[in-house]
>>> print(open('input10.json').read())   # JSON, C-alpha atoms
[["chain", "number", "residue", "atom", "x", "y", "z"],
["A", 30, "MET", "CA", -14.98, -8.58, -3.13],
["A", 31, "ARG", "CA", -13.57, -6.09, -0.64],
["A", 32, "VAL", "CA", -10.01, -5.30, -1.73],
["A", 33, "VAL", "CA", -7.33, -3.18, -0.08],
["A", 34, "ILE", "CA", -4.61, -2.02, -2.47],
["A", 35, "LYS", "CA", -1.41, -0.60, -1.06],
["A", 36, "VAL", "CA", 0.76, 1.36, -3.46],
["A", 37, "GLY", "CA", 4.37, 2.17, -2.68],
["A", 38, "THR", "CA", 6.35, 5.32, -3.33],
["A", 39, "SER", "CA", 8.37, 3.58, -6.05],
["A", 40, "THR", "CA", 5.15, 3.02, -8.01],
["A", 41, "LEU", "CA", 3.86, 6.58, -7.68],
["A", 42, "ALA", "CA", 7.04, 8.59, -8.09],
["A", 43, "HIS", "CA", 10.13, 8.71, -10.22],
["A", 44, "ALA", "CA", 13.54, 8.51, -8.52],
["A", 45, "THR", "CA", 13.53, 12.32, -8.58],
["A", 46, "GLY", "CA", 10.53, 12.36, -6.23],
["A", 47, "LYS", "CA", 8.34, 13.81, -8.97],
["A", 48, "LEU", "CA", 5.01, 12.14, -9.69],
["A", 49, "ASN", "CA", 5.02, 9.29, -12.21],
["A", 50, "ILE", "CA", 2.04, 10.67, -14.09],
["A", 51, "ARG", "CA", 1.50, 7.81, -16.53],
["A", 52, "ARG", "CA", 1.56, 5.09, -13.88],
["A", 53, "THR", "CA", -0.59, 7.00, -11.40],
["A", 54, "GLU", "CA", -3.20, 7.69, -14.07],
["A", 55, "ALA", "CA", -3.22, 3.99, -15.04],
["A", 56, "LEU", "CA", -3.63, 2.97, -11.39],
["A", 57, "CYS", "CA", -6.63, 5.26, -10.87],
["A", 58, "ARG", "CA", -8.22, 4.04, -14.09],
["A", 59, "VAL", "CA", -7.93, 0.36, -13.08],
["A", 60, "LEU", "CA", -9.17, 0.96, -9.52],
["A", 61, "SER", "CA", -12.13, 2.90, -10.90],
["A", 62, "ASP", "CA", -12.93, 0.03, -13.26],
["A", 63, "LEU", "CA", -12.76, -2.47, -10.41],
["A", 64, "LYS", "CA", -15.25, -0.34, -8.49],
["A", 65, "ASN", "CA", -17.46, -0.18, -11.55],
["A", 66, "ALA", "CA", -17.39, -3.98, -11.64],
["A", 67, "GLY", "CA", -18.88, -4.05, -8.14],
["A", 68, "HIS", "CA", -15.82, -4.47, -5.93],
["A", 69, "GLU", "CA", -15.26, -2.38, -2.80],
["A", 70, "VAL", "CA", -11.85, -0.73, -3.17],
["A", 71, "ILE", "CA", -9.72, 0.83, -0.44],
["A", 72, "LEU", "CA", -6.41, 2.46, -1.35],
["A", 73, "VAL", "CA", -3.53, 2.70, 1.11],
["A", 74, "SER", "CA", -1.12, 5.12, -0.49],
["A", 75, "SER", "CA", 2.48, 5.88, 0.34],
["A", 76, "GLY", "CA", 4.21, 8.74, -1.39],
["A", 77, "ALA", "CA", 3.60, 11.82, 0.76],
["A", 78, "ILE", "CA", 7.20, 12.22, 1.91],
["A", 79, "GLY", "CA", 8.58, 11.17, -1.48],
["A", 80, "LEU", "CA", 6.44, 13.68, -3.37],
["A", 81, "GLY", "CA", 7.24, 16.32, -0.76],
["A", 82, "VAL", "CA", 10.93, 15.76, -1.44],
["A", 83, "GLY", "CA", 10.30, 16.40, -5.13],
["A", 84, "THR", "CA", 8.06, 19.41, -4.60],
["A", 85, "LEU", "CA", 10.52, 21.03, -2.18],
["A", 86, "ALA", "CA", 13.43, 20.19, -4.51],
["A", 87, "LEU", "CA", 15.33, 18.43, -1.73],
["A", 88, "LYS", "CA", 18.36, 16.47, -2.87],
["A", 89, "HIS", "CA", 17.46, 13.37, -0.86],
["A", 90, "LYS", "CA", 14.93, 11.99, 1.60],
["A", 91, "PRO", "CA", 15.34, 13.89, 4.90],
["A", 92, "SER", "CA", 16.67, 12.07, 7.94],
["A", 93, "ASP", "CA", 15.51, 14.47, 10.65],
["A", 94, "ILE", "CA", 11.94, 14.30, 11.93],
["A", 95, "PRO", "CA", 10.89, 17.98, 11.44],
["A", 96, "THR", "CA", 11.92, 17.96, 7.76],
["A", 97, "LYS", "CA", 10.21, 14.60, 7.24],
["A", 98, "HIS", "CA", 7.03, 16.02, 8.74],
["A", 99, "ALA", "CA", 7.23, 19.15, 6.58],
["A", 100, "ALA", "CA", 7.84, 17.08, 3.44],
["A", 101, "ALA", "CA", 4.91, 14.83, 4.34],
["A", 102, "ALA", "CA", 2.59, 17.80, 4.85],
["A", 103, "VAL", "CA", 3.51, 19.26, 1.45],
["A", 104, "GLY", "CA", 3.47, 15.91, -0.35],
["A", 105, "GLN", "CA", 0.12, 14.83, 1.11],
["A", 106, "CYS", "CA", -1.51, 17.87, -0.48],
["A", 107, "GLU", "CA", -0.14, 16.99, -3.90],
["A", 108, "LEU", "CA", -1.04, 13.34, -3.44],
["A", 109, "MET", "CA", -4.69, 13.95, -2.56],
["A", 110, "TYR", "CA", -5.09, 16.67, -5.19],
["A", 111, "THR", "CA", -3.88, 14.21, -7.81],
["A", 112, "TYR", "CA", -6.11, 11.37, -6.62],
["A", 113, "ASP", "CA", -9.17, 13.61, -6.34],
["A", 114, "ARG", "CA", -8.64, 14.95, -9.86],
["A", 115, "LEU", "CA", -8.07, 11.55, -11.46],
["A", 116, "PHE", "CA", -10.82, 9.63, -9.69],
["A", 117, "THR", "CA", -13.30, 12.45, -10.36],
["A", 118, "GLU", "CA", -12.68, 11.93, -14.07],
["A", 119, "PHE", "CA", -14.06, 8.41, -13.61],
["A", 120, "ASN", "CA", -17.01, 9.61, -11.48],
["A", 121, "HIS", "CA", -15.73, 8.30, -8.16],
["A", 122, "THR", "CA", -15.60, 10.20, -4.88],
["A", 123, "VAL", "CA", -12.54, 9.84, -2.65],
["A", 124, "ALA", "CA", -12.04, 10.43, 1.06],
["A", 125, "GLN", "CA", -8.76, 11.05, 2.86],
["A", 126, "ILE", "CA", -8.16, 9.12, 6.10],
["A", 127, "LEU", "CA", -4.91, 9.66, 8.02],
["A", 128, "LEU", "CA", -4.11, 7.18, 10.77],
["A", 129, "THR", "CA", -1.63, 6.43, 13.53],
["A", 130, "GLY", "CA", -1.04, 3.26, 15.52],
["A", 131, "SER", "CA", -3.29, 4.44, 18.33],
["A", 132, "ASP", "CA", -6.24, 4.42, 15.94],
["A", 133, "PHE", "CA", -5.96, 0.62, 16.05],
["A", 134, "SER", "CA", -4.89, 0.14, 19.68],
["A", 135, "ALA", "CA", -7.42, 2.46, 21.37],
["A", 136, "PRO", "CA", -10.84, 0.73, 21.34],
["A", 137, "ASP", "CA", -12.94, 3.88, 20.91],
["A", 138, "ARG", "CA", -10.78, 5.25, 18.09],
["A", 139, "HIS", "CA", -10.69, 1.85, 16.41],
["A", 140, "GLU", "CA", -14.47, 1.66, 16.54],
["A", 141, "ASN", "CA", -14.74, 5.15, 15.07],
["A", 142, "PHE", "CA", -12.41, 4.16, 12.24],
["A", 143, "ASN", "CA", -14.42, 1.04, 11.43],
["A", 144, "ASN", "CA", -17.68, 3.00, 11.53],
["A", 145, "THR", "CA", -16.26, 5.64, 9.19],
["A", 146, "MET", "CA", -14.94, 3.02, 6.79],
["A", 147, "GLY", "CA", -18.21, 1.08, 6.81],
["A", 148, "LYS", "CA", -20.32, 4.14, 6.07],
["A", 149, "SER", "CA", -17.87, 5.42, 3.42],
["A", 150, "LEU", "CA", -18.01, 2.12, 1.53],
["A", 151, "GLU", "CA", -21.79, 2.03, 1.90],
["A", 152, "LEU", "CA", -21.93, 5.47, 0.28],
["A", 153, "GLY", "CA", -19.75, 4.33, -2.62],
["A", 154, "VAL", "CA", -16.71, 6.33, -1.53],
["A", 155, "LEU", "CA", -13.18, 5.20, -2.32],
["A", 156, "PRO", "CA", -11.19, 5.73, 0.92],
["A", 157, "ILE", "CA", -7.53, 6.71, 0.54],
["A", 158, "ILE", "CA", -5.50, 5.95, 3.65],
["A", 159, "ASN", "CA", -2.02, 6.97, 4.73],
["A", 160, "GLU", "CA", -0.19, 7.21, 8.01],
["A", 161, "ASN", "CA", -0.43, 10.66, 9.56],
["A", 162, "ASP", "CA", 3.29, 11.33, 9.15],
["A", 163, "THR", "CA", 3.04, 14.96, 10.23],
["A", 164, "ILE", "CA", 2.20, 14.03, 13.84],
["A", 165, "ALA", "CA", 3.42, 10.42, 14.14],
["A", 166, "THR", "CA", 5.97, 9.74, 16.87],
["A", 167, "GLU", "CA", 7.81, 6.59, 17.87],
["A", 168, "GLU", "CA", 5.13, 5.86, 20.46],
["A", 169, "ILE", "CA", 2.11, 6.05, 18.15],
["A", 170, "LYS", "CA", 3.31, 5.42, 14.61],
["A", 171, "VAL", "CA", 2.72, 2.22, 12.67],
["A", 172, "GLY", "CA", 6.02, 2.81, 10.91],
["A", 173, "ASP", "CA", 5.39, 1.57, 7.38],
["A", 174, "ASN", "CA", 2.43, 1.37, 5.04],
["A", 175, "ASP", "CA", 2.82, -2.36, 4.39],
["A", 176, "THR", "CA", 1.93, -3.02, 8.02],
["A", 177, "LEU", "CA", -0.68, -0.25, 7.98],
["A", 178, "SER", "CA", -2.39, -1.80, 4.96],
["A", 179, "ALA", "CA", -2.52, -5.19, 6.69],
["A", 180, "LEU", "CA", -4.03, -3.65, 9.83],
["A", 181, "VAL", "CA", -6.62, -1.88, 7.69],
["A", 182, "ALA", "CA", -7.44, -5.06, 5.74],
["A", 183, "VAL", "CA", -7.94, -7.10, 8.90],
["A", 184, "SER", "CA", -9.88, -4.34, 10.66],
["A", 185, "ILE", "CA", -12.44, -3.98, 7.86],
["A", 186, "GLN", "CA", -12.54, -7.73, 7.11],
["A", 187, "ALA", "CA", -11.23, -7.40, 3.57],
["A", 188, "ASP", "CA", -11.07, -10.44, 1.31],
["A", 189, "LEU", "CA", -7.72, -9.48, -0.19],
["A", 190, "LEU", "CA", -4.77, -7.16, 0.33],
["A", 191, "VAL", "CA", -2.62, -6.33, -2.68],
["A", 192, "ILE", "CA", 0.76, -4.68, -2.08],
["A", 193, "LEU", "CA", 2.13, -3.06, -5.24],
["A", 194, "SER", "CA", 5.87, -2.60, -5.12],
["A", 195, "ASP", "CA", 8.95, -2.43, -7.34],
["A", 196, "VAL", "CA", 9.39, -6.23, -7.33],
["A", 197, "ASP", "CA", 7.28, -9.01, -8.88],
["A", 198, "GLY", "CA", 6.89, -10.80, -5.57],
["A", 199, "LEU", "CA", 8.83, -13.04, -3.20],
["A", 200, "TYR", "CA", 11.80, -14.82, -4.75],
["A", 201, "SER", "CA", 13.77, -17.88, -3.66],
["A", 202, "ALA", "CA", 16.83, -15.58, -3.59],
["A", 203, "ASP", "CA", 17.64, -11.95, -4.34],
["A", 204, "PRO", "CA", 17.00, -11.66, -8.12],
["A", 205, "ARG", "CA", 19.37, -8.71, -8.31],
["A", 206, "LYS", "CA", 22.23, -10.92, -7.15],
["A", 207, "ASP", "CA", 21.23, -14.45, -8.19],
["A", 208, "GLU", "CA", 20.22, -15.10, -11.79],
["A", 209, "ASN", "CA", 18.76, -18.46, -10.76],
["A", 210, "ALA", "CA", 16.30, -16.89, -8.32],
["A", 211, "ARG", "CA", 12.72, -17.98, -9.02],
["A", 212, "LEU", "CA", 9.47, -16.25, -8.22],
["A", 213, "LEU", "CA", 7.42, -18.02, -5.55],
["A", 214, "GLU", "CA", 3.88, -17.69, -6.86],
["A", 215, "GLU", "CA", 2.07, -19.48, -4.02],
["A", 216, "VAL", "CA", 2.87, -19.31, -0.29],
["A", 217, "TYR", "CA", 0.77, -21.17, 2.26],
["A", 218, "ALA", "CA", 2.88, -20.62, 5.38],
["A", 219, "ILE", "CA", 5.56, -18.16, 6.44],
["A", 220, "THR", "CA", 8.40, -20.11, 8.01],
["A", 221, "ASP", "CA", 11.78, -19.06, 9.36],
["A", 222, "GLU", "CA", 13.20, -19.95, 5.95],
["A", 223, "THR", "CA", 10.66, -17.65, 4.28],
["A", 224, "LEU", "CA", 11.62, -14.79, 6.56],
["A", 225, "ARG", "CA", 15.29, -15.28, 5.69],
["A", 226, "LEU", "CA", 14.44, -14.47, 2.07],
["A", 227, "ALA", "CA", 13.65, -10.87, 3.03],
["A", 228, "GLY", "CA", 16.28, -8.29, 2.21],
["A", 229, "GLY", "CA", 16.69, -4.68, 3.28],
["A", 230, "ALA", "CA", 14.69, -1.54, 2.49],
["A", 231, "GLY", "CA", 13.33, -0.89, -0.97],
["A", 232, "SER", "CA", 13.70, 2.35, -2.91],
["A", 233, "LYS", "CA", 15.57, 5.37, -1.60],
["A", 234, "LEU", "CA", 12.31, 7.29, -1.18],
["A", 235, "GLY", "CA", 10.35, 4.46, 0.42],
["A", 236, "THR", "CA", 10.33, 3.06, 3.96],
["A", 237, "GLY", "CA", 9.52, -0.59, 3.39],
["A", 238, "GLY", "CA", 11.21, -3.70, 2.04],
["A", 239, "MET", "CA", 10.40, -7.38, 1.75],
["A", 240, "SER", "CA", 10.59, -7.87, 5.52],
["A", 241, "THR", "CA", 7.69, -5.45, 6.13],
["A", 242, "LYS", "CA", 5.70, -7.15, 3.38],
["A", 243, "LEU", "CA", 6.19, -10.57, 4.96],
["A", 244, "HIS", "CA", 5.12, -9.11, 8.30],
["A", 245, "ALA", "CA", 1.98, -7.80, 6.59],
["A", 246, "ALA", "CA", 1.37, -11.24, 5.11],
["A", 247, "GLN", "CA", 1.60, -12.82, 8.58],
["A", 248, "ILE", "CA", -1.01, -10.39, 9.91],
["A", 249, "CYS", "CA", -3.38, -11.08, 6.99],
["A", 250, "MET", "CA", -2.95, -14.85, 6.85],
["A", 251, "ALA", "CA", -3.67, -15.19, 10.55],
["A", 252, "ALA", "CA", -6.93, -13.27, 10.04],
["A", 253, "ASP", "CA", -8.17, -15.28, 7.03],
["A", 254, "CYS", "CA", -7.29, -12.63, 4.45],
["A", 255, "ASP", "CA", -5.23, -13.44, 1.34],
["A", 256, "MET", "CA", -2.37, -11.13, 0.43],
["A", 257, "VAL", "CA", -0.51, -10.50, -2.82],
["A", 258, "ILE", "CA", 2.83, -8.88, -3.59],
["A", 259, "ALA", "CA", 3.00, -7.68, -7.18],
["A", 260, "ASN", "CA", 4.92, -5.22, -9.31],
["A", 261, "GLY", "CA", 3.19, -1.85, -9.57],
["A", 262, "GLU", "CA", 4.82, -1.13, -12.92],
["A", 263, "ASN", "CA", 1.71, -2.40, -14.71],
["A", 264, "PRO", "CA", -1.46, -1.58, -12.71],
["A", 265, "GLU", "CA", -3.58, -3.61, -15.14],
["A", 266, "LYS", "CA", -2.14, -6.71, -13.44],
["A", 267, "LEU", "CA", -4.75, -6.01, -10.77],
["A", 268, "TYR", "CA", -7.43, -7.49, -13.03],
["A", 269, "ASP", "CA", -5.69, -10.88, -12.99],
["A", 270, "ILE", "CA", -5.00, -10.64, -9.26],
["A", 271, "VAL", "CA", -8.60, -9.93, -8.31],
["A", 272, "ALA", "CA", -9.74, -12.76, -10.61],
["A", 273, "ASP", "CA", -7.11, -15.06, -8.99],
["A", 274, "LYS", "CA", -5.43, -15.77, -12.33],
["A", 275, "LYS", "CA", -1.99, -17.16, -11.55],
["A", 276, "GLY", "CA", 1.27, -15.87, -12.94],
["A", 277, "GLY", "CA", 3.76, -13.10, -12.33],
["A", 278, "TYR", "CA", 3.12, -12.35, -8.66],
["A", 279, "THR", "CA", 3.15, -13.95, -5.19],
["A", 280, "ARG", "CA", -0.08, -14.84, -3.41],
["A", 281, "PHE", "CA", -0.10, -15.67, 0.30],
["A", 282, "TYR", "CA", -3.08, -17.87, 1.07],
["A", 283, "ALA", "CA", -4.93, -17.34, 4.33],
["A", 284, "LYS", "CA", -4.76, -20.06, 6.94],
["A", 285, "GLY", "CA", -8.54, -20.34, 7.06]]
>>> encode(input="input10.json", output="structure tokens")
Amino acid sequence: MRVVIKVGTSTLAHATGKLNIRRTEALCRVLSDLKNAGHEVILVSSGAIGLGVGTLALKHKPSDIPTKHAAAAVGQCELMYTYDRLFTEFNHTVAQILLTGSDFSAPDRHENFNNTMGKSLELGVLPIINENDTIATEEIKVGDNDTLSALVAVSIQADLLVILSDVDGLYSADPRKDENARLLEEVYAITDETLRLAGGAGSKLGTGGMSTKLHAAQICMAADCDMVIANGENPEKLYDIVADKKGGYTRFYAKG
């Protein structure tokens, strides 16, 4: 199985912006084990700006573009250093790939991306993808890594996209406000009613929310790729997800 796993800032970092060491180590261990089992694994990782905020000891996520870019540049170094160190412990080689929206819209760049991904997977490499926040502008940026992960999954013809977040999945109502809210474990179509279930942005350090995840699901489902929203608090849940064992997460089934 070819699996794209997107991990959000809330999974990788504490509210302080500092790396959540225990969870990140667990994530790398599980992804390495999935590769050992024969799966092709691609990681789309948020966290550069969030970790940059922590490293630079900023009091909050910056709102101006130059500071965001500077935080991203600093945080991306820490992010890739951490991934390289942890995956090396499990004898896996990683590659960093930074993208912008034009890498999908421009035919020649899109072809180059697909060729690089194909050869990397053939060589047994674990690609780690993020948006190139240091140069992204309104005209060329994807905007959020939920959408980016869906574009990657469709582009490389993945079987499954898993978005790890700070929620268990899609609920019938906001579980923080409605104690009767129930987790929707299976979704076969995204309707107007489904879209109304989306709330605002997620964590203070992140850029996404349920609305971006539902948009990612629409992209995947239309291209015959299943998508899952699950809580990143316990990375070992990925074993059940890849094996399609039901319970504790939301799976969006492809239209095909």
>>> residues_around(input="input10.json", residues="A:Thr40", least_positions_apart="2", cutoff="8 Å", atoms="all atoms listed in the file", output="list in words")
Val36, Gly37, Thr38, Ala42, His43, Asn49, Arg52, Thr53, Leu193, Ser194, Asp195, Gly261 and Glu262 of chain A
>>> closest_residue(input="input10.json", among="A:Leu115, A:Ile185, A:Ala86, A:Met109", to="A:Phe133", atoms="all atoms listed in the file")
A:Ile185
>>> closest_residue(input="input10.json", among="A:Pro156, A:Val32, A:Ser201, A:Gly277", to="A:Phe142", atoms="only C-alpha atoms")
A:Pro156
>>> residues_around(input="input10.json", residues="A:Leu87", least_positions_apart="3", cutoff="12 Å", atoms="all atoms listed in the file", output="count of residues only")
18
>>> residues_near_point(input="input10.json", point="(-1.2, 12.1, -12.6)", cutoff="10 Å", atoms="all atoms listed in the file", output="number ranges by chain")
A: 41, 48-57, 108, 110-112, 114-115
>>> write_last_selection(input="input10.json", atoms="C-alpha atoms", output="compact mmCIF listing (two decimals), keeping the file's coordinate frame")
# COMPACT_ATOMS: atom_id res chain seq x y z
CA LEU A 41 3.86 6.58 -7.68
CA LEU A 48 5.01 12.14 -9.69
CA ASN A 49 5.02 9.29 -12.21
CA ILE A 50 2.04 10.67 -14.09
CA ARG A 51 1.50 7.81 -16.53
CA ARG A 52 1.56 5.09 -13.88
CA THR A 53 -0.59 7.00 -11.40
CA GLU A 54 -3.20 7.69 -14.07
CA ALA A 55 -3.22 3.99 -15.04
CA LEU A 56 -3.63 2.97 -11.39
CA CYS A 57 -6.63 5.26 -10.87
CA LEU A 108 -1.04 13.34 -3.44
CA TYR A 110 -5.09 16.67 -5.19
CA THR A 111 -3.88 14.21 -7.81
CA TYR A 112 -6.11 11.37 -6.62
CA ARG A 114 -8.64 14.95 -9.86
CA LEU A 115 -8.07 11.55 -11.46
>>> atom_distance(input="input10.json", atom1="atom CA of A:Asp162", atom2="atom CA of A:Ser184")
20.5 Å
>>> residues_around(input="input10.json", residues="A:Val257", least_positions_apart="6", cutoff="12 Å", atoms="all atoms listed in the file", output="short mmCIF file (atom, residue, chain, number, x, y, z; two decimals) with C-alpha atoms, in the coordinates of the input")
data_model
loop_
_atom_site.label_atom_id
_atom_site.label_comp_id
_atom_site.auth_asym_id
_atom_site.auth_seq_id
_atom_site.Cartn_x
_atom_site.Cartn_y
_atom_site.Cartn_z
CA VAL A 32 -10.01 -5.30 -1.73
CA VAL A 33 -7.33 -3.18 -0.08
CA ILE A 34 -4.61 -2.02 -2.47
CA LYS A 35 -1.41 -0.60 -1.06
CA VAL A 36 0.76 1.36 -3.46
CA ASP A 175 2.82 -2.36 4.39
CA SER A 178 -2.39 -1.80 4.96
CA ALA A 179 -2.52 -5.19 6.69
CA ASP A 188 -11.07 -10.44 1.31
CA LEU A 189 -7.72 -9.48 -0.19
CA LEU A 190 -4.77 -7.16 0.33
CA VAL A 191 -2.62 -6.33 -2.68
CA ILE A 192 0.76 -4.68 -2.08
CA LEU A 193 2.13 -3.06 -5.24
CA SER A 194 5.87 -2.60 -5.12
CA VAL A 196 9.39 -6.23 -7.33
CA ASP A 197 7.28 -9.01 -8.88
CA GLY A 198 6.89 -10.80 -5.57
CA LEU A 199 8.83 -13.04 -3.20
CA LEU A 213 7.42 -18.02 -5.55
CA GLU A 214 3.88 -17.69 -6.86
CA GLU A 215 2.07 -19.48 -4.02
CA VAL A 216 2.87 -19.31 -0.29
CA TYR A 217 0.77 -21.17 2.26
CA LYS A 242 5.70 -7.15 3.38
CA LEU A 243 6.19 -10.57 4.96
CA ALA A 245 1.98 -7.80 6.59
CA ALA A 246 1.37 -11.24 5.11
CA GLN A 247 1.60 -12.82 8.58
CA CYS A 249 -3.38 -11.08 6.99
CA MET A 250 -2.95 -14.85 6.85
CA LYS A 266 -2.14 -6.71 -13.44
CA LEU A 267 -4.75 -6.01 -10.77
CA ASP A 269 -5.69 -10.88 -12.99
CA ILE A 270 -5.00 -10.64 -9.26
CA VAL A 271 -8.60 -9.93 -8.31
CA ASP A 273 -7.11 -15.06 -8.99
CA LYS A 274 -5.43 -15.77 -12.33
CA LYS A 275 -1.99 -17.16 -11.55
CA GLY A 276 1.27 -15.87 -12.94
CA GLY A 277 3.76 -13.10 -12.33
CA TYR A 278 3.12 -12.35 -8.66
CA THR A 279 3.15 -13.95 -5.19
CA ARG A 280 -0.08 -14.84 -3.41
CA PHE A 281 -0.10 -15.67 0.30
CA TYR A 282 -3.08 -17.87 1.07
CA ALA A 283 -4.93 -17.34 4.33
#
>>> atom_distance(input="input10.json", atom1="atom CA of A:Gly130", atom2="atom CA of A:Asp173")
10.5 Å
>>> residues_around(input="input10.json", residues="A:Arg31", least_positions_apart="2", cutoff="6 Å", atoms="only C-alpha atoms", output="PyMOL selection string")
chain A and resi 68-69+187-188
>>> closest_residue(input="input10.json", among="A:Leu128, A:Leu180, A:Ala101, A:Leu212", to="A:Thr163", atoms="only C-alpha atoms")
A:Ala101
>>> axis_aligned_box(input="input10.json", around="stretch 126-131 of chain A", padding_each_side="5 Å", output="lines of an AutoDock Vina configuration file")
center_x = -4.6
center_y = 6.5
center_z = 12.2
size_x = 17.1
size_y = 16.4
size_z = 22.2
>>> atom_distance(input="input10.json", atom1="atom CA of A:Ile157", atom2="atom CA of A:Val123")
6.7 Å
>>> closest_residue(input="input10.json", among="A:Phe119, A:Asn144, A:Ala102, A:Ala210", to="A:Leu63", atoms="only C-alpha atoms")
A:Phe119
